[in-house]
Amino acid sequence: MKVYDELVARGLIAQVTNEEEIKKMVNEGKATFYIGFDPTADSLHVGHFMALCLMKRLQMAGNKPIALLGGGTGMIGDPSGRTDMRQMMTKETIQHNIDCFKVQMSRFIDFSDGKAMMVNNADWLLDLNYVDLLREVGACFSVNNMLRAECYKQRMEKGLSFLEFNYMIMQAYDFLELYRKYGCNMQFGGNDQWSNMLAGTELIRRKLGEDAHAMTITLLLNSEGKKMGKTQSGAVWLDPNKTSPFDFYQYWRNVSDADVLKCIRMLTFLPLEEIDAMDKWEGSELNKAKDILAYELTGLVHGEEEAKKAREGAQALFSAGGAATANMPTYEITEDDLRDGSIDILGLLVKAELASNRSEARRNVQQGGVSLDGEKVTDIKTSYTLQDLGPEGRVLKRGKKKFAKVLGK
C-alpha cells in the first residue's frame with residue numbers, strides 16, 4: 001500500500017485541495033511540508049501527538065518535514081477553538097518553550113543531514129514593516145471572507161480583538177515565506193485550521209501566480225486530538241517531568257473501548273493487517289488492545305525501557321494488589337510538606353498529583369474514592385507522619401485507575 005493510501009486507511013486525512021497531485025507527491029517522496037506548533041507551554045502534549053506521528057510517517061516515505069515553531073505567531077495567539085483571548089506571553093517565555101519543543105520533536109523526527117528542518121517564524125514575522133505588510137499581503141485578503149471563517153465566527157459574539165484578527169494573515173504569510181525560502185509545497189493542520197490554511201494557499205497563488213504549487217491537507221481528528229491532551233486533572237504532557245511514563249502509559253491504557261482501535265490505527269506504527277485483525281476483538285481482548293496501544297505510544301515518547309517499566313508497574317499493581325510498586329510514580333514527603341508534624345490526606349493527594357487542589361481532593365475523599373494501601377480513607381482530617389508513610393512508601397489510590405507511591409523522607 002502506498003503511503004497516501006495508508007494515511008487514508010488509518011483515518012488521518014479529512015480534506016485536501018488537490019488530491020491527485022498531493023497523492024502523487026507524497027507517494028513519490030517529493031513533498032516538502034510543514035506543520036506549525038505555537039509554543040503556548042513548555043512541553044508538547046498528546047494533542048500534538050498525531051501531528052508528530054504523521055511527520056514521522058511521511059519522512060519515512062522520503063518526504064521532507066518542516067517543523068515550524070511559532071515564535072512570531074505565538075506573540076499573537078491563535079483564536080481557533082477558543083471562546084476567549086489567550087494570555088500574552090513574554091519573548092523570554094516563548095523562547096524557553098521553543099527550546100523545550102526542539103528537544104521533544106527530535107525524538108520523532110530525524111533532523112540530521114537535511115532530512116528535516118526546524119524553523120522559527122519569528123525570523124521573518126518580527127522584522128516585518130507594518131505598512132509594507134499591508135501593501136504586500138493586506139490587499140490579498142477579503143475582510144468579508146475572513147469573518148465567515150469558523151475560527152472567527154465563534155468569537156464574534158464575545159468579541160474578537162484586532163490582535164487575534166491578524167493571526168490568519170500571519171499564518172498565511174508563513175506558508176508564503178516557507179515556499180519562497182525552502183520550497184515548501186504542502187501544509188498540514190487540523191480541521192480547525194482549514195480556513196487559515198486555505199488563506200495561505202490563496203496567498204501563494206495571488207503573489208506567485210497560478211502555476212505555484214501549494215497544497216493543503218487536514219488531519220481528520222486533529223481537533224479531537226487536541227482534546228486528547230486534556231483530562232479532568234489537567235494536560236497529558238510528553239515531558240516526563242510533567243507526566244511520568246507510568247501516568248502516560250495509564251492514560252492510553254484507560255481509553256474507551258470505542259476509541260482504542262481508532263487510536264492504534266492513527267498513532268502507532270503497527271502494520272494495518274495486524275490492526276485489522278483486532279477489529280473482531282471483544283471484551284477482555286479489548287483490554288489487550290489497550291495494553292498494546294499504551295506500550296507502543298509510551299515507547300515512542302519515552303523509549304522502550306520506560307515502556308517496559310510502566311507496563312510491569314501496572315501489571316504488578318493489579319496482580320499483586322499494590323504490593324509491587326517499583327515502577328509506579330513516587331513522591332517523597334519531607335519536613336517541608338508537614339504541618340504540625342504531619343500531612344493530611346488532602347495534602348497528600350495534591351502532593352502526589354492525584355488531585356489538582358485541596359477542594360478536588362476533599363471531593364474525592366468524601367465520595368469514597370481514596371485509599372491508602374487498600375484501606376479506604378473517608379475522613380478528610382486523616383493525617384500521616386513521615387514515620388507512618390515510611391521509607392518504603394505506601395500506595396495512594398484515587399478512583400479505580402490513579403495510583404502513586406508516597407514515602408517519608
# chains A, B, ... in the order shown; residues from 1 in each chain; ligands from 1

$ residues_around --residues "Ile204 (chain A)" --least-positions-apart "6" --cutoff "8 Å" --atoms "only C-alpha atoms" --output "PDB file with N, CA and C atoms, in the first residue's frame"
ATOM      1  N   PHE A 175       3.266  30.428   5.202  1.00  0.00           N
ATOM      2  CA  PHE A 175       3.315  29.491   4.075  1.00  0.00           C
ATOM      3  C   PHE A 175       4.024  30.135   2.886  1.00  0.00           C
ATOM      4  N   LEU A 176       3.739  31.404   2.657  1.00  0.00           N
ATOM      5  CA  LEU A 176       4.394  32.109   1.559  1.00  0.00           C
ATOM      6  C   LEU A 176       5.911  32.146   1.769  1.00  0.00           C
ATOM      7  N   ALA A 212       2.075  28.252  -9.225  1.00  0.00           N
ATOM      8  CA  ALA A 212       2.700  27.935  -7.933  1.00  0.00           C
ATOM      9  C   ALA A 212       1.997  26.736  -7.309  1.00  0.00           C
ATOM     10  N   ALA A 214       1.057  24.884  -4.220  1.00  0.00           N
ATOM     11  CA  ALA A 214       0.912  24.980  -2.768  1.00  0.00           C
ATOM     12  C   ALA A 214      -0.386  24.297  -2.395  1.00  0.00           C
TER      13      ALA A 214
END

$ closest_atom_pairs --of "region 148-222 of chain A" --to "region 56-78 of chain A" --cutoff "9 Å" --atoms "only C-alpha atoms" --output "tab-separated table"
residue	atom	partner	partner_atom	distance
A:Cys151	CA	A:Asp78	CA	8.6
A:Leu163	CA	A:Ile76	CA	6.2
A:Glu164	CA	A:Ile76	CA	6.1
A:Asn166	CA	A:Ile76	CA	8.0
A:Tyr167	CA	A:Asp78	CA	6.2
A:Met168	CA	A:Asp78	CA	8.3
A:Met170	CA	A:Thr73	CA	6.7
A:Gln171	CA	A:Thr73	CA	7.4
A:Asp174	CA	A:Leu68	CA	8.8
A:Leu178	CA	A:Ile66	CA	8.9
A:Cys184	CA	A:Ile66	CA	8.1

$ select_by_dssp --residues "region 151-323 of chain A" --states "alpha helix (DSSP H)" --output "MDAnalysis selection string"
chainID A and resid 151:153 162:165 167:182 194:208 222:228 245:253 257:267 272:277 284:302 304:319

$ select_by_dssp --residues "region 197-378 of chain A" --states "strand (DSSP E or B)" --output "PyMOL selection string"
chain A and resi 215-219+230-231+234-235+237+330-333+339+342-344+370-372+375-376

$ write_last_selection --atoms "C-alpha atoms" --output "PDB file, in the first residue's frame"
ATOM      1  CA  MET A 215      -1.476  22.457  -1.297  1.00  0.00           C
ATOM      2  CA  THR A 216      -3.244  21.785   1.967  1.00  0.00           C
ATOM      3  CA  ILE A 217      -4.295  18.692   3.851  1.00  0.00           C
ATOM      4  CA  THR A 218      -6.109  18.493   7.174  1.00  0.00           C
ATOM      5  CA  LEU A 219      -5.928  15.713   9.712  1.00  0.00           C
ATOM      6  CA  LYS A 230      -6.761  17.185  28.358  1.00  0.00           C
ATOM      7  CA  THR A 231      -8.082  15.127  31.242  1.00  0.00           C
ATOM      8  CA  GLY A 234      -5.061  18.598  33.568  1.00  0.00           C
ATOM      9  CA  ALA A 235      -2.952  18.029  30.475  1.00  0.00           C
ATOM     10  CA  TRP A 237       2.374  16.064  28.567  1.00  0.00           C
ATOM     11  CA  THR A 330       6.890   8.025  43.538  1.00  0.00           C
ATOM     12  CA  TYR A 331       6.593  11.181  45.613  1.00  0.00           C
ATOM     13  CA  GLU A 332       8.769  11.986  48.598  1.00  0.00           C
ATOM     14  CA  ILE A 333       7.129  13.669  51.562  1.00  0.00           C
ATOM     15  CA  ARG A 339       2.100  20.993  59.246  1.00  0.00           C
ATOM     16  CA  SER A 342       2.029  15.569  59.775  1.00  0.00           C
ATOM     17  CA  ILE A 343       0.382  15.874  56.374  1.00  0.00           C
ATOM     18  CA  ASP A 344      -3.348  15.341  55.930  1.00  0.00           C
ATOM     19  CA  VAL A 370      -9.462   7.372  48.064  1.00  0.00           C
ATOM     20  CA  SER A 371      -7.486   4.577  49.742  1.00  0.00           C
ATOM     21  CA  LEU A 372      -4.016   4.058  51.197  1.00  0.00           C
ATOM     22  CA  GLU A 375      -7.730   0.879  53.122  1.00  0.00           C
ATOM     23  CA  LYS A 376     -10.417   3.398  52.206  1.00  0.00           C
TER      24      LYS A 376
END

$ atom_distance --atom1 "CA of Trp252 (chain A)" --atom2 "CA of Ala294 (chain A)"
4.8 Å

$ residues_around --residues "Ala289 (chain A)" --least-positions-apart "4" --cutoff "12 Å" --atoms "only C-alpha atoms" --output "JSON, numbers by chain"
{"A": [252, 253, 254, 255, 256, 257, 258, 259, 260, 261, 262, 263, 264, 265, 268, 270, 274, 275, 276, 277, 278, 279, 280, 281, 282, 283, 284, 285, 293, 294, 295, 296]}

$ closest_residue --among "A:Val350, A:Met197, A:Ala122, A:Leu407" --to "Gln15 (chain A)" --atoms "only C-alpha atoms"
A:Met197

$ atom_distance --atom1 "CA of Gly368 (chain A)" --atom2 "CA of Lys288 (chain A)"
29.0 Å

$ atom_distance --atom1 "CA of Gln366 (chain A)" --atom2 "CA of Gly313 (chain A)"
28.0 Å

$ residues_around --residues "Asp247 (chain A)" --least-positions-apart "5" --cutoff "12 Å" --atoms "only C-alpha atoms" --output "ChimeraX atom specification"
/A:231,233,235-242,252-254,294-295,298,302,306-307,309-311,313-314,327-330,352-354,401-404

$ closest_residue --among "A:Lys381, A:Lys91, A:His48, A:Lys158" --to "Phe108 (chain A)" --atoms "only C-alpha atoms"
A:His48

$ decode --residues "region 68-213 of chain A" --atoms "C-alpha atoms" --output "PDB file, in the first residue's frame"
ATOM      1  CA  LEU A  68       7.515  25.452  12.163  1.00  0.00           C
ATOM      2  CA  LEU A  69       7.882  26.884  15.661  1.00  0.00           C
ATOM      3  CA  GLY A  70       5.627  29.865  16.242  1.00  0.00           C
ATOM      4  CA  GLY A  71       7.948  32.323  17.906  1.00  0.00           C
ATOM      5  CA  GLY A  72       6.138  35.065  15.993  1.00  0.00           C
ATOM      6  CA  THR A  73       2.542  33.829  15.844  1.00  0.00           C
ATOM      7  CA  GLY A  74       2.846  32.806  19.494  1.00  0.00           C
ATOM      8  CA  MET A  75       3.039  36.501  20.336  1.00  0.00           C
ATOM      9  CA  ILE A  76      -0.454  36.958  18.870  1.00  0.00           C
ATOM     10  CA  GLY A  77      -2.292  33.750  19.780  1.00  0.00           C
ATOM     11  CA  ASP A  78      -4.493  31.563  17.610  1.00  0.00           C
ATOM     12  CA  PRO A  79      -8.212  32.279  18.212  1.00  0.00           C
ATOM     13  CA  SER A  80      -9.248  28.928  16.679  1.00  0.00           C
ATOM     14  CA  GLY A  81     -11.318  26.811  19.045  1.00  0.00           C
ATOM     15  CA  ARG A  82     -11.287  29.415  21.816  1.00  0.00           C
ATOM     16  CA  THR A  83     -14.013  31.491  23.442  1.00  0.00           C
ATOM     17  CA  ASP A  84     -11.606  33.984  24.990  1.00  0.00           C
ATOM     18  CA  MET A  85      -8.293  35.638  24.208  1.00  0.00           C
ATOM     19  CA  ARG A  86      -5.090  33.753  25.011  1.00  0.00           C
ATOM     20  CA  GLN A  87      -2.848  35.165  27.708  1.00  0.00           C
ATOM     21  CA  MET A  88       0.005  37.083  26.109  1.00  0.00           C
ATOM     22  CA  MET A  89       3.474  35.647  26.720  1.00  0.00           C
ATOM     23  CA  THR A  90       6.831  37.395  27.007  1.00  0.00           C
ATOM     24  CA  LYS A  91       9.545  36.813  24.427  1.00  0.00           C
ATOM     25  CA  GLU A  92      11.599  35.028  27.087  1.00  0.00           C
ATOM     26  CA  THR A  93       8.774  32.585  27.882  1.00  0.00           C
ATOM     27  CA  ILE A  94       8.186  31.907  24.197  1.00  0.00           C
ATOM     28  CA  GLN A  95      11.876  31.184  23.608  1.00  0.00           C
ATOM     29  CA  HIS A  96      12.046  28.855  26.617  1.00  0.00           C
ATOM     30  CA  ASN A  97       9.014  26.922  25.351  1.00  0.00           C
ATOM     31  CA  ILE A  98      10.551  26.679  21.871  1.00  0.00           C
ATOM     32  CA  ASP A  99      13.767  25.240  23.306  1.00  0.00           C
ATOM     33  CA  CYS A 100      11.718  22.575  25.113  1.00  0.00           C
ATOM     34  CA  PHE A 101       9.792  21.735  21.926  1.00  0.00           C
ATOM     35  CA  LYS A 102      13.007  21.220  19.979  1.00  0.00           C
ATOM     36  CA  VAL A 103      14.218  18.502  22.327  1.00  0.00           C
ATOM     37  CA  GLN A 104      10.908  16.616  22.262  1.00  0.00           C
ATOM     38  CA  MET A 105      10.453  16.829  18.493  1.00  0.00           C
ATOM     39  CA  SER A 106      13.862  15.256  17.928  1.00  0.00           C
ATOM     40  CA  ARG A 107      12.526  12.005  19.398  1.00  0.00           C
ATOM     41  CA  PHE A 108      10.143  11.709  16.451  1.00  0.00           C
ATOM     42  CA  ILE A 109      11.806  13.456  13.524  1.00  0.00           C
ATOM     43  CA  ASP A 110      15.308  12.969  12.119  1.00  0.00           C
ATOM     44  CA  PHE A 111      16.777  16.438  11.613  1.00  0.00           C
ATOM     45  CA  SER A 112      20.230  15.186  10.561  1.00  0.00           C
ATOM     46  CA  ASP A 113      21.760  15.713   7.112  1.00  0.00           C
ATOM     47  CA  GLY A 114      18.966  17.984   5.877  1.00  0.00           C
ATOM     48  CA  LYS A 115      16.289  15.278   6.202  1.00  0.00           C
ATOM     49  CA  ALA A 116      14.048  17.719   8.034  1.00  0.00           C
ATOM     50  CA  MET A 117      14.074  21.341   9.142  1.00  0.00           C
ATOM     51  CA  MET A 118      13.115  23.204  12.270  1.00  0.00           C
ATOM     52  CA  VAL A 119      12.445  26.894  11.692  1.00  0.00           C
ATOM     53  CA  ASN A 120      11.013  29.755  13.726  1.00  0.00           C
ATOM     54  CA  ASN A 121       8.555  32.187  12.150  1.00  0.00           C
ATOM     55  CA  ALA A 122       9.892  34.925  14.429  1.00  0.00           C
ATOM     56  CA  ASP A 123      12.771  35.098  11.943  1.00  0.00           C
ATOM     57  CA  TRP A 124      10.535  36.839   9.408  1.00  0.00           C
ATOM     58  CA  LEU A 125       7.422  37.978  11.281  1.00  0.00           C
ATOM     59  CA  LEU A 126       9.137  40.102  13.933  1.00  0.00           C
ATOM     60  CA  ASP A 127      11.025  42.163  11.371  1.00  0.00           C
ATOM     61  CA  LEU A 128       8.033  42.962   9.173  1.00  0.00           C
ATOM     62  CA  ASN A 129       7.287  46.596   8.439  1.00  0.00           C
ATOM     63  CA  TYR A 130       3.577  47.117   9.044  1.00  0.00           C
ATOM     64  CA  VAL A 131       2.916  49.341   6.043  1.00  0.00           C
ATOM     65  CA  ASP A 132       4.923  47.056   3.743  1.00  0.00           C
ATOM     66  CA  LEU A 133       2.934  44.075   5.004  1.00  0.00           C
ATOM     67  CA  LEU A 134      -0.355  45.861   4.372  1.00  0.00           C
ATOM     68  CA  ARG A 135       0.706  46.664   0.824  1.00  0.00           C
ATOM     69  CA  GLU A 136       2.110  43.215   0.015  1.00  0.00           C
ATOM     70  CA  VAL A 137      -0.342  40.979   1.820  1.00  0.00           C
ATOM     71  CA  GLY A 138      -3.299  43.008   3.062  1.00  0.00           C
ATOM     72  CA  ALA A 139      -4.670  43.598  -0.430  1.00  0.00           C
ATOM     73  CA  CYS A 140      -4.938  39.817  -0.940  1.00  0.00           C
ATOM     74  CA  PHE A 141      -7.429  39.333   1.913  1.00  0.00           C
ATOM     75  CA  SER A 142     -11.154  39.986   1.939  1.00  0.00           C
ATOM     76  CA  VAL A 143     -12.397  41.007   5.382  1.00  0.00           C
ATOM     77  CA  ASN A 144     -15.836  39.649   4.495  1.00  0.00           C
ATOM     78  CA  ASN A 145     -14.350  36.219   3.752  1.00  0.00           C
ATOM     79  CA  MET A 146     -12.213  36.292   6.884  1.00  0.00           C
ATOM     80  CA  LEU A 147     -15.220  36.985   9.106  1.00  0.00           C
ATOM     81  CA  ARG A 148     -17.012  33.968   7.637  1.00  0.00           C
ATOM     82  CA  ALA A 149     -14.199  31.659   8.796  1.00  0.00           C
ATOM     83  CA  GLU A 150     -15.147  29.373  11.680  1.00  0.00           C
ATOM     84  CA  CYS A 151     -12.131  30.448  13.729  1.00  0.00           C
ATOM     85  CA  TYR A 152     -13.558  33.991  13.840  1.00  0.00           C
ATOM     86  CA  LYS A 153     -17.308  33.355  13.756  1.00  0.00           C
ATOM     87  CA  GLN A 154     -17.388  31.664  17.136  1.00  0.00           C
ATOM     88  CA  ARG A 155     -15.613  34.638  18.700  1.00  0.00           C
ATOM     89  CA  MET A 156     -17.717  37.439  17.246  1.00  0.00           C
ATOM     90  CA  GLU A 157     -20.378  37.339  19.962  1.00  0.00           C
ATOM     91  CA  LYS A 158     -17.920  37.762  22.853  1.00  0.00           C
ATOM     92  CA  GLY A 159     -15.542  39.977  20.960  1.00  0.00           C
ATOM     93  CA  LEU A 160     -12.565  39.420  18.665  1.00  0.00           C
ATOM     94  CA  SER A 161      -9.516  41.586  19.244  1.00  0.00           C
ATOM     95  CA  PHE A 162      -7.719  43.175  16.296  1.00  0.00           C
ATOM     96  CA  LEU A 163      -4.589  41.420  17.573  1.00  0.00           C
ATOM     97  CA  GLU A 164      -6.148  37.994  17.026  1.00  0.00           C
ATOM     98  CA  PHE A 165      -7.778  39.073  13.769  1.00  0.00           C
ATOM     99  CA  ASN A 166      -4.296  39.263  12.285  1.00  0.00           C
ATOM    100  CA  TYR A 167      -3.497  35.621  13.075  1.00  0.00           C
ATOM    101  CA  MET A 168      -4.866  34.299   9.777  1.00  0.00           C
ATOM    102  CA  ILE A 169      -2.730  36.787   7.851  1.00  0.00           C
ATOM    103  CA  MET A 170       0.378  35.794   9.816  1.00  0.00           C
ATOM    104  CA  GLN A 171      -0.216  32.081   9.240  1.00  0.00           C
ATOM    105  CA  ALA A 172      -0.830  32.621   5.528  1.00  0.00           C
ATOM    106  CA  TYR A 173       2.366  34.665   5.337  1.00  0.00           C
ATOM    107  CA  ASP A 174       4.230  31.772   6.977  1.00  0.00           C
ATOM    108  CA  PHE A 175       3.315  29.491   4.075  1.00  0.00           C
ATOM    109  CA  LEU A 176       4.394  32.109   1.559  1.00  0.00           C
ATOM    110  CA  GLU A 177       7.776  32.542   3.257  1.00  0.00           C
ATOM    111  CA  LEU A 178       8.324  28.803   3.623  1.00  0.00           C
ATOM    112  CA  TYR A 179       7.500  28.363  -0.071  1.00  0.00           C
ATOM    113  CA  ARG A 180       9.936  31.112  -1.073  1.00  0.00           C
ATOM    114  CA  LYS A 181      12.784  30.160   1.254  1.00  0.00           C
ATOM    115  CA  TYR A 182      12.607  26.366   1.380  1.00  0.00           C
ATOM    116  CA  GLY A 183      10.394  25.215  -1.486  1.00  0.00           C
ATOM    117  CA  CYS A 184       7.686  24.117   0.937  1.00  0.00           C
ATOM    118  CA  ASN A 185       4.812  22.942  -1.254  1.00  0.00           C
ATOM    119  CA  MET A 186       2.401  21.456   1.269  1.00  0.00           C
ATOM    120  CA  GLN A 187       0.909  22.269   4.656  1.00  0.00           C
ATOM    121  CA  PHE A 188      -0.814  20.019   7.156  1.00  0.00           C
ATOM    122  CA  GLY A 189      -3.087  21.009  10.027  1.00  0.00           C
ATOM    123  CA  GLY A 190      -6.275  20.229  11.881  1.00  0.00           C
ATOM    124  CA  ASN A 191      -9.855  20.808  10.832  1.00  0.00           C
ATOM    125  CA  ASP A 192      -9.890  23.938  12.977  1.00  0.00           C
ATOM    126  CA  GLN A 193      -7.053  25.337  10.827  1.00  0.00           C
ATOM    127  CA  TRP A 194      -8.727  24.824   7.446  1.00  0.00           C
ATOM    128  CA  SER A 195      -9.618  28.495   6.846  1.00  0.00           C
ATOM    129  CA  ASN A 196      -6.122  29.659   7.786  1.00  0.00           C
ATOM    130  CA  MET A 197      -4.545  27.024   5.559  1.00  0.00           C
ATOM    131  CA  LEU A 198      -6.694  27.906   2.567  1.00  0.00           C
ATOM    132  CA  ALA A 199      -5.699  31.529   3.099  1.00  0.00           C
ATOM    133  CA  GLY A 200      -2.047  30.512   2.787  1.00  0.00           C
ATOM    134  CA  THR A 201      -2.658  28.563  -0.404  1.00  0.00           C
ATOM    135  CA  GLU A 202      -4.590  31.503  -1.886  1.00  0.00           C
ATOM    136  CA  LEU A 203      -1.894  33.992  -0.888  1.00  0.00           C
ATOM    137  CA  ILE A 204       0.763  31.986  -2.731  1.00  0.00           C
ATOM    138  CA  ARG A 205      -1.464  31.806  -5.806  1.00  0.00           C
ATOM    139  CA  ARG A 206      -2.129  35.560  -5.710  1.00  0.00           C
ATOM    140  CA  LYS A 207       1.519  36.527  -5.190  1.00  0.00           C
ATOM    141  CA  LEU A 208       3.310  33.925  -7.294  1.00  0.00           C
ATOM    142  CA  GLY A 209       0.771  33.020  -9.967  1.00  0.00           C
ATOM    143  CA  GLU A 210      -1.463  30.106 -10.883  1.00  0.00           C
ATOM    144  CA  ASP A 211       1.474  27.772 -11.533  1.00  0.00           C
ATOM    145  CA  ALA A 212       2.700  27.935  -7.933  1.00  0.00           C
ATOM    146  CA  HIS A 213       2.203  24.553  -6.317  1.00  0.00           C
TER     147      HIS A 213
END
